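The structure file upload.txt is reproduced below (compact mmCIF, C-alpha atoms).
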```txt
# COMPACT_ATOMS: atom_id res chain seq x y z
CA MET X 6 -27.30 -1.55 -20.88
CA ILE X 7 -25.98 -5.06 -21.37
CA LYS X 8 -24.53 -6.71 -18.31
CA TYR X 9 -21.94 -9.43 -18.56
CA ILE X 10 -22.33 -12.03 -15.80
CA HIS X 11 -19.61 -14.59 -15.13
CA GLN X 12 -21.53 -17.27 -13.26
CA VAL X 13 -25.24 -17.81 -12.75
CA SER X 14 -27.53 -20.60 -11.74
CA MET X 15 -30.21 -21.08 -14.40
CA MET X 16 -33.23 -20.96 -12.14
CA PRO X 17 -36.73 -20.59 -13.68
CA GLN X 18 -36.98 -16.91 -12.79
CA PHE X 19 -33.89 -16.16 -14.90
CA LYS X 20 -35.13 -17.74 -18.13
CA GLY X 21 -35.30 -15.22 -20.95
CA LYS X 22 -33.31 -12.70 -18.91
CA ILE X 23 -29.85 -14.24 -18.69
CA PHE X 24 -27.91 -15.75 -21.57
CA LEU X 25 -25.12 -18.28 -21.19
CA LEU X 26 -22.54 -17.92 -23.95
CA GLU X 27 -20.66 -21.15 -24.57
CA ASN X 28 -17.21 -21.56 -26.14
CA TYR X 29 -16.13 -18.09 -25.10
CA ASN X 30 -13.20 -16.87 -27.23
CA ILE X 31 -11.54 -13.71 -28.53
CA ALA X 32 -14.02 -13.29 -31.38
CA MET X 33 -17.01 -13.47 -29.03
CA SER X 34 -15.25 -11.19 -26.57
CA ARG X 35 -14.94 -8.54 -29.27
CA TYR X 36 -18.70 -8.41 -29.68
CA LEU X 37 -19.27 -8.27 -25.93
CA VAL X 38 -16.80 -5.48 -25.30
CA SER X 39 -18.08 -3.38 -28.19
CA GLY X 40 -21.69 -3.75 -27.06
CA VAL X 41 -21.38 -3.37 -23.29
CA ASP X 42 -21.85 -0.21 -21.24
CA VAL X 43 -21.16 -1.66 -17.77
CA TRP X 44 -18.92 -4.61 -16.96
CA LEU X 45 -20.47 -6.24 -13.90
CA ASN X 46 -18.20 -8.52 -11.87
CA ASN X 47 -19.54 -9.71 -8.55
CA PRO X 48 -17.78 -12.79 -7.18
CA ARG X 49 -17.37 -13.05 -3.44
CA ARG X 50 -14.23 -11.43 -2.16
CA PRO X 51 -11.54 -12.78 -2.10
CA MET X 52 -12.43 -15.34 -4.80
CA GLU X 53 -11.54 -13.20 -7.83
CA ALA X 54 -8.43 -14.66 -9.43
CA SER X 55 -7.36 -11.60 -11.41
CA GLY X 56 -9.98 -9.87 -13.52
CA THR X 57 -8.36 -9.70 -16.94
CA SER X 58 -11.76 -9.45 -18.62
CA GLY X 59 -12.46 -6.24 -16.72
CA GLN X 60 -9.04 -4.87 -17.65
CA LYS X 61 -9.75 -5.58 -21.31
CA ALA X 62 -13.13 -3.90 -21.06
CA SER X 63 -11.80 -0.80 -19.32
CA VAL X 64 -9.22 0.08 -21.98
CA ASN X 65 -12.05 -0.06 -24.54
CA GLY X 66 -14.11 2.51 -22.65
CA VAL X 67 -16.38 0.06 -20.85
CA ILE X 68 -17.00 1.09 -17.26
CA ASN X 69 -16.37 -1.46 -14.53
CA PHE X 70 -18.78 -2.19 -11.71
CA SER X 71 -17.01 -4.71 -9.53
CA VAL X 72 -16.14 -5.96 -6.06
CA LEU X 73 -12.89 -4.63 -4.65
CA ASP X 74 -10.93 -7.75 -5.43
CA GLY X 75 -8.41 -8.82 -8.05
CA TRP X 76 -7.25 -5.98 -10.25
CA TRP X 77 -10.15 -3.67 -9.35
CA ALA X 78 -8.88 -3.31 -5.79
CA GLU X 79 -5.98 -1.41 -7.37
CA GLY X 80 -7.60 -0.05 -10.51
CA TYR X 81 -10.66 1.60 -8.94
CA ASN X 82 -10.06 5.31 -8.24
CA GLN X 83 -13.66 6.51 -7.61
CA LYS X 84 -13.75 8.27 -11.00
CA ASN X 85 -13.33 5.40 -13.46
CA GLY X 86 -16.23 3.16 -12.40
CA TRP X 87 -18.08 1.87 -9.36
CA LYS X 88 -17.43 -0.57 -6.56
CA ILE X 89 -19.61 -3.28 -5.06
CA GLY X 90 -19.59 -3.62 -1.29
CA PHE X 91 -16.59 -2.87 0.88
CA ASN X 92 -12.99 -3.97 1.20
CA LYS X 93 -13.57 -5.88 4.43
CA ASP X 94 -14.09 -9.35 5.90
CA TYR X 95 -17.49 -10.66 6.97
CA GLU X 96 -18.63 -13.09 9.63
CA SER X 97 -20.41 -15.24 7.03
CA TYR X 98 -21.08 -15.56 3.31
CA GLU X 99 -24.72 -14.71 3.98
CA ALA X 100 -23.81 -11.37 5.55
CA GLN X 101 -21.42 -10.61 2.71
CA ASP X 102 -24.03 -11.48 0.06
CA VAL X 103 -26.63 -9.24 1.69
CA THR X 104 -24.22 -6.29 1.86
CA ASP X 105 -23.04 -6.78 -1.73
CA SER X 106 -26.61 -7.15 -2.99
CA GLN X 107 -27.70 -3.93 -1.31
CA SER X 108 -24.64 -2.17 -2.69
CA ILE X 109 -25.42 -3.31 -6.25
CA TYR X 110 -29.01 -2.04 -6.15
CA GLU X 111 -28.13 1.25 -4.41
CA THR X 112 -25.29 2.00 -6.81
CA LEU X 113 -27.46 1.19 -9.83
CA GLU X 114 -30.29 3.38 -8.58
CA GLU X 115 -28.29 6.30 -7.21
CA LYS X 116 -25.24 6.49 -9.49
CA ILE X 117 -25.17 4.32 -12.61
CA ILE X 118 -28.69 4.80 -13.99
CA PRO X 119 -28.81 8.59 -13.33
CA ALA X 120 -25.39 9.04 -14.96
CA TYR X 121 -26.40 6.98 -18.01
CA TYR X 122 -29.72 8.72 -18.66
CA GLU X 123 -28.64 12.27 -17.81
CA LYS X 124 -28.24 13.28 -21.46
CA ASP X 125 -27.98 16.59 -23.30
CA LYS X 126 -29.74 17.70 -26.48
CA ASN X 127 -27.38 15.51 -28.50
CA SER X 128 -28.41 12.44 -26.48
CA LEU X 129 -25.00 12.29 -24.84
CA SER X 130 -24.29 11.97 -21.13
CA LYS X 131 -21.37 14.19 -20.14
CA LYS X 132 -20.94 12.34 -16.87
CA TRP X 133 -20.91 8.96 -18.61
CA LEU X 134 -18.30 10.11 -21.09
CA GLU X 135 -16.14 11.34 -18.21
CA TYR X 136 -16.27 7.88 -16.64
CA MET X 137 -15.37 6.27 -19.97
CA LYS X 138 -12.40 8.56 -20.57
CA GLU X 139 -11.12 8.13 -17.03
CA SER X 140 -11.45 4.36 -17.42
CA ILE X 141 -9.21 4.40 -20.48
CA ILE X 142 -6.72 6.91 -19.06
CA SER X 143 -6.33 5.27 -15.64
CA THR X 144 -6.06 1.65 -16.80
CA GLY X 145 -4.80 1.60 -20.37
CA GLY X 146 -1.10 1.86 -19.59
CA ASN X 147 -1.08 0.14 -16.23
CA TYR X 148 -3.00 -3.03 -17.10
CA SER X 149 -1.43 -4.28 -20.30
CA THR X 150 0.75 -7.19 -21.36
CA SER X 151 3.48 -4.85 -22.59
CA ARG X 152 3.72 -3.13 -19.22
CA MET X 153 3.74 -6.51 -17.48
CA LEU X 154 6.59 -7.83 -19.61
CA VAL X 155 8.65 -4.67 -19.13
CA ASP X 156 8.17 -4.89 -15.36
CA TYR X 157 9.03 -8.59 -15.19
CA THR X 158 12.13 -8.07 -17.29
CA SER X 159 13.45 -4.96 -15.54
CA LYS X 160 12.42 -5.81 -11.98
CA PHE X 161 12.85 -9.59 -11.85
CA TYR X 162 14.45 -11.43 -14.76
CA ILE X 163 17.53 -9.24 -15.26
CA PRO X 164 18.11 -8.56 -11.52
CA LEU X 165 17.77 -12.30 -10.79
CA ALA X 166 20.28 -13.13 -13.52
CA ASN X 167 22.70 -10.57 -12.10
CA LEU X 168 22.17 -11.89 -8.59
CA TYR X 169 22.85 -15.44 -9.72
CA ASN X 170 26.04 -14.49 -11.54
CA LYS X 171 27.29 -12.49 -8.56
CA TYR X 172 26.48 -14.86 -5.67
CA TYR X 173 24.86 -18.18 -6.54
CA LYS X 174 27.61 -19.65 -8.71
CA ASP X 175 29.68 -20.05 -5.53
CA LEU X 176 28.41 -23.05 -3.54
CA GLY X 177 30.00 -21.62 -0.40
CA ASN X 178 27.85 -18.50 -0.66
CA VAL X 179 24.74 -20.63 -1.09
CA THR X 180 25.58 -22.77 1.95
CA GLU X 181 26.13 -19.70 4.12
CA PHE X 182 22.91 -18.12 2.86
CA ASN X 183 20.87 -21.24 3.69
CA SER X 184 22.32 -21.27 7.20
CA TRP X 185 21.46 -17.60 7.57
CA LYS X 186 17.86 -18.26 6.45
CA ASN X 187 17.43 -21.15 8.89
CA GLU X 188 18.68 -19.03 11.77
CA LEU X 189 16.37 -16.19 10.75
CA TYR X 190 13.34 -18.51 10.59
CA ASN X 191 14.13 -19.85 14.05
CA ASN X 192 14.37 -16.39 15.65
CA TRP X 193 11.85 -14.35 13.66
CA LYS X 194 8.91 -15.08 15.98
CA ASN X 195 10.80 -13.45 18.86
CA LEU X 196 10.97 -10.04 17.15
CA LYS X 197 8.82 -7.38 18.80
CA ILE X 198 7.77 -3.92 17.60
CA MET X 199 6.52 -1.39 20.13
CA GLN X 200 5.21 2.11 19.58
CA THR X 201 5.55 5.09 21.86
CA ASP X 202 4.06 8.57 21.59
CA ASN X 203 1.10 7.48 19.43
CA LEU X 204 -0.08 10.12 16.97
CA ASP X 205 -3.80 9.40 16.94
CA ASN X 206 -6.49 11.74 15.62
CA ILE X 207 -4.20 14.70 15.08
CA THR X 208 -4.71 17.46 12.52
CA ILE X 209 -1.84 18.36 10.21
CA ASP X 210 -1.90 20.70 7.22
CA ALA X 211 -1.37 19.13 3.81
CA GLY X 212 2.23 19.38 2.68
CA ASN X 213 3.64 19.06 6.18
CA CYS X 214 5.51 16.14 7.74
CA ILE X 215 5.07 14.23 10.96
CA ASP X 216 7.69 12.28 12.92
CA VAL X 217 6.84 8.67 13.72
CA LYS X 218 8.80 6.41 16.05
CA CYS X 219 8.88 2.83 17.14
CA GLU X 220 10.98 0.57 19.33
CA VAL X 221 12.22 -2.87 18.30
CA ASP X 222 13.38 -5.81 20.37
CA LEU X 223 15.58 -7.73 17.93
CA ALA X 224 15.93 -10.78 20.17
CA ASN X 225 18.82 -12.80 18.66
CA ILE X 226 18.73 -11.16 15.22
CA GLN X 227 21.44 -8.72 14.14
CA GLU X 228 20.28 -5.24 13.14
CA GLU X 229 22.04 -5.49 9.77
CA ASN X 230 19.75 -8.41 8.89
CA ILE X 231 16.50 -6.45 9.05
CA ASN X 232 14.84 -3.36 7.64
CA VAL X 233 12.38 -1.46 9.81
CA GLU X 234 9.80 0.31 7.66
CA CYS X 235 6.89 2.69 8.01
CA TYR X 236 3.89 1.72 5.87
CA TYR X 237 1.40 4.52 5.33
CA GLY X 238 -1.24 5.83 2.97
CA LYS X 239 -4.38 7.86 2.50
CA ILE X 240 -7.57 6.22 3.79
CA LEU X 241 -10.65 6.77 1.64
CA GLU X 242 -14.22 6.76 2.93
CA ASN X 243 -14.75 3.22 1.62
CA GLY X 244 -11.82 1.92 3.64
CA VAL X 245 -9.49 1.57 0.65
CA VAL X 246 -5.94 2.81 1.21
CA GLU X 247 -4.43 4.66 -1.74
CA ASP X 248 -1.11 6.42 -2.38
CA ILE X 249 0.63 3.77 -0.29
CA ASN X 250 4.21 4.58 0.64
CA ILE X 251 6.80 2.38 2.31
CA ILE X 252 9.77 4.24 3.72
CA PRO X 253 12.79 2.87 5.61
CA MET X 254 13.21 4.01 9.19
CA LYS X 255 16.54 5.15 10.61
CA LEU X 256 18.08 3.76 13.76
CA LYS X 257 18.27 6.64 16.24
CA ASN X 258 19.82 4.94 19.25
CA ILE X 259 19.92 1.79 21.37
CA GLU X 260 18.75 1.74 24.99
CA GLN X 261 18.84 -0.84 27.73
CA LYS X 262 15.43 -1.86 29.11
CA ASP X 263 14.92 -4.76 31.48
CA GLY X 264 18.24 -6.22 30.43
CA LYS X 265 17.41 -6.02 26.72
CA ASN X 266 18.81 -3.87 23.92
CA ILE X 267 15.91 -1.84 22.54
CA HIS X 268 16.51 -0.29 19.14
CA LYS X 269 14.72 3.01 18.53
CA TYR X 270 13.77 3.89 14.97
CA GLU X 271 12.23 7.01 13.46
CA ALA X 272 11.03 8.38 10.12
CA LYS X 273 9.20 11.34 8.62
CA ILE X 274 5.83 10.97 6.87
CA GLU X 275 4.94 13.55 4.25
CA LEU X 276 1.21 14.32 3.97
CA LYS X 277 1.01 15.42 0.35
CA THR X 278 -2.71 16.16 0.22
CA GLY X 279 -5.65 16.62 2.54
CA GLY X 280 -7.66 13.72 3.95
CA ASN X 281 -7.23 10.95 6.48
CA TYR X 282 -3.94 9.10 6.68
CA GLY X 283 -2.98 5.98 8.54
CA TYR X 284 0.38 4.39 9.28
CA THR X 285 1.88 1.29 10.82
CA PHE X 286 5.29 -0.36 11.20
CA ARG X 287 6.82 -3.57 9.95
CA ILE X 288 10.13 -5.43 9.82
CA MET X 289 11.48 -7.12 6.68
CA PRO X 290 14.51 -9.41 6.32
CA LYS X 291 17.59 -7.99 4.60
CA HIS X 292 20.40 -9.82 2.83
CA GLU X 293 22.50 -9.10 -0.25
CA MET X 294 21.40 -12.42 -1.82
CA ILE X 295 17.67 -11.59 -1.59
CA LEU X 296 15.96 -9.88 -4.50
CA GLU X 297 12.50 -9.57 -2.91
CA PRO X 298 12.38 -9.84 0.92
CA ALA X 299 8.68 -10.76 0.92
CA ASN X 300 9.54 -14.09 -0.78
CA LEU X 301 10.89 -15.41 2.52
CA ASN X 302 7.39 -15.05 3.99
CA LEU X 303 8.86 -13.26 6.98
CA ILE X 304 7.05 -10.00 7.70
CA LYS X 305 6.62 -8.77 11.24
CA TRP X 306 3.87 -6.16 11.71
CA ILE X 307 3.30 -4.20 14.86
CA THR X 308 0.39 -5.64 16.83
CA LYS X 309 -1.70 -4.36 19.69
CA ASN X 310 -0.77 -5.69 23.11
```

Rewrite the structure from the file as structure tokens, please.
Amino acid sequence: MIKYIHQVSMMPQFKGKIFLLENYNIAMSRYLVSGVDVWLNNPRRPMEASGTSGQKASVNGVINFSVLDGWWAEGYNQKNGWKIGFNKDYESYEAQDVTDSQSIYETLEEKIIPAYYEKDKNSLSKKWLEYMKESIISTGGNYSTSRMLVDYTSKFYIPLANLYNKYYKDLGNVTEFNSWKNELYNNWKNLKIMQTDNLDNITIDAGNCIDVKCEVDLANIQEENINVECYYGKILENGVVEDINIIPMKLKNIEQKDGKNIHKYEAKIELKTGGNYGYTFRIMPKHEMILEPANLNLIKWITKN
């Protein structure tokens, strides 16, 4: 197997074992991708900028072996390659390096090497071919320039143009919107989310739904200016959350508590498959002149008291 390494320090012990390829370009990349079995990518999380080289490799049947950062945090599905380390924070770089190093050697010894050399009478590894096919199937359509351009055009460029034509040509609308934003920024820190009737460590059959509820103290913000949402997904053994869903919660009623108006929200979570699920609550700003609420950098998550 040939391993592609992004950055190394040319210490004496690496001479004759690691090759630095200068003037990297598309032509050189073609030779690398066609000759590589495993695409190793091991920067420290969260230092990976994107990971386009791994995306390119995966659609050509090369199997990724990477930290859960950049694109691989989304692209990895446990069947199309291998992960290095865990999707977590560490107290120091030293602790992170030790964990990642152990993970690399264990995965090589216990998973990658056995899968590669477990060959049939035709000198083919069925397991390895399964990884290769899954790599192409799971990433080929999702991680491509054509998909990116279609998404940007349909989700951002055209909606932004429509939004501008509808609202932003009128200076009065813009002035009112800026005043609304300033007021929201001034009051956002006073928002509070509280949870009652916690559903911890319960067992529910796959295909069923559970009711989740939370209470919100809106402070000086009007209810029509916010969206209360339930954020949930399936938690894998490695700590990665997949099948993430974000659903709006409905206002059930308003109650008086300690002289405050407490808004009670509820929603139903559908557990489509078996496994462990987790959920939490958040509040997002809402306004007809906003295309993407997250761009205001105002997200209120429920926190432990």

Closest-contact table, region 114-199 of chain X side, partner region 255-274 of chain X, 12 Å, counting only C-alpha atoms, as JSON lines:
```
{"residue": "X:Leu196", "atom": "CA", "partner": "X:Ile267", "partner_atom": "CA", "distance": 11.0}
{"residue": "X:Lys197", "atom": "CA", "partner": "X:Ile267", "partner_atom": "CA", "distance": 9.7}
{"residue": "X:Ile198", "atom": "CA", "partner": "X:His268", "partner_atom": "CA", "distance": 9.6}
{"residue": "X:Met199", "atom": "CA", "partner": "X:Lys269", "partner_atom": "CA", "distance": 9.4}
```

**Study point:** Straight-line distance linking CA of Tyr284 (chain X) with CA of Gly90 (chain X), stated in Å to one decimal
**Key:**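 CA of Gly90 (chain X) lies 24.0 Å from CA of Tyr284 (chain X).
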
Review point. Expressed in Å to a single decimal, how great is the separation between CA of Asn250 (chain X) and CA of Leu73 (chain X)?
Key: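 Separating CA of Asn250 (chain X) from CA of Leu73 (chain X) is a distance of 20.1 Å.
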
Point to revise | Shell around Pro48 (chain X) at 12 Å using all atoms listed in the file, local window under 5 positions removed, as JSON, numbers by chain | key: {"X": [10, 11, 12, 13, 53, 54, 55, 56, 70, 71, 72, 73, 74, 75, 89, 90, 98, 101, 102, 105, 106]}

Pull the closest atom pair for each residue of region 143-175 of chain X that gets at most 7 Å from region 290-308 of chain X, along with the distance in Å to one decimal, counting only C-alpha atoms, ordering rows by chain and then ascending residue number, as JSON lines.
```
{"residue": "X:Leu165", "atom": "CA", "partner": "X:Leu296", "partner_atom": "CA", "distance": 7.0}
{"residue": "X:Leu168", "atom": "CA", "partner": "X:Met294", "partner_atom": "CA", "distance": 6.8}
{"residue": "X:Tyr172", "atom": "CA", "partner": "X:Met294", "partner_atom": "CA", "distance": 6.8}
```

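What separates CA of Ile249 (chain X) from CA of Tyr237 (chain X) is a distance of 5.7 Å.
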
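The shortest atom-to-atom distance to Asn92 (chain X), with all atoms listed in the file taken into account, belongs to X:Val246 out of X:Leu129, X:Cys219, X:Val246, X:Ile231.
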
Revision key, fill the gap. For Ile288 (chain X), the closest of X:Gln107, X:Ile226, X:Glu247, X:Leu241 counting all atoms listed in the file is X:Ile226

Practice item. Go through X:Pro253, X:Gly283, X:Gly86, X:Gly40 one by one, measure the shortest atom-to-atom distance of each to Glu234 (chain X) using all atoms listed in the file, and give the residue with the smallest value. Key: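 Ranking X:Pro253, X:Gly283, X:Gly86, X:Gly40 by distance to Glu234 (chain X), first place goes to X:Pro253.
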
Where is the centre and how long are the edges: axis-aligned box on region 291-303 of chain X, 6 Å on each side, Å to one decimal, as AutoDock Vina command-line options:
```
--center_x 14.9 --center_y -11.7 --center_z 1.2 --size_x 27.1 --size_y 19.4 --size_z 23.5
```

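For the choices X:Asn28, X:Arg287, X:Ile23, X:Gly66, the atom-to-atom distance to Gly145 (chain X) is smallest for X:Gly66 when using only C-alpha atoms.
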
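Considering the residues X:Asp125, X:Val155, X:Trp87, X:Asp248 and counting all atoms listed in the file, Thr112 (chain X) has its shortest atom-to-atom contact with X:Trp87.
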
Revision key, fill the gap. Counting all atoms listed in the file, closest pick from X:Asn195, X:Asn167, X:Ile31, X:Arg49 relative to Glu99 (chain X) is X:Arg49
